[in-house]
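Colleague: So that we are looking at the same thing, I have put the structure below in structure tokens.
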Amino acid sequence: MGDAPDDRARPGLYWGTSEWSADEIRAAWLIAERHGLASRRWSSRSTTCCTASGSSRSTRACTRTSAGLTTWSPLASGLLTGKYRGGIPAGSRGAVESCAFLRPRLTDEKGNQIVGRLEPVAAELG
């Protein structure tokens, strides 16, 4: 059997989401389905070892609605490199004015404590 007509790849008829919660993904999918609108085909979400628990619900929502999932920023915009543990270094992404929105995340005390606890593991692994 072939795909239903609305499932054929046709430019401009599909949409995606970025950083939506599982509840938002489900609600939008149900609205599109109820009204015969094009369904969402992908979701994009920032996912790191510090945020993975929140993304598992979104991953399940994508699976249930047959949508793809693209994760990005596995190093949390540089936080997981450890370079922000002492503040924002000159010349780093966090020092760039257009990236000022990242500063609260990069200097987050809890996130940097996690990075500190991971440093011995990283050093052991090389």
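Going by the structure tokens order, chains are called A, B, ..., each with residues numbered from 1, while ligands are numbered from 1 in the order shown.
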Using only C-alpha atoms, determine which residues lie at most 8 Å from stretch 115-123 of chain A, disregarding the query and same-chain residues fewer than 6 positions distant; provide the list as number ranges by chain.

Modeller: A: 79-82, 85

Colleague: Can you work out the spacing between atom CA of A:Thr65 and atom CA of A:His35 in Å, to one decimal?

Modeller: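 It comes out at 15.6 Å.
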
Colleague: What is the atom CA of A:Gly86-atom CA of A:Arg103 distance in Å, reported with one decimal?

Modeller: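 Answer for the atom CA of A:Gly86 to atom CA of A:Arg103 separation: 12.6 Å.
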
Colleague: Ranking A:Ala90, A:Ala38, A:Ile25, A:Ala32 by minimum distance to A:Thr59 and counting only C-alpha atoms, which one comes first?

Modeller: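 Distance minimum relative to A:Thr59 lands on A:Ile25.
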
Colleague: In Å, how far is it from atom CA of A:Leu106 to atom CA of A:Tyr84?

Modeller: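 Answer for the atom CA of A:Leu106 to atom CA of A:Tyr84 separation: 6.2 Å.
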
Colleague: May I ask which of the residues A:Gly36, A:Gln113, A:Ala67, A:Phe101 is the closest one to A:Trp15, counting only C-alpha atoms?

Modeller: A:Ala67
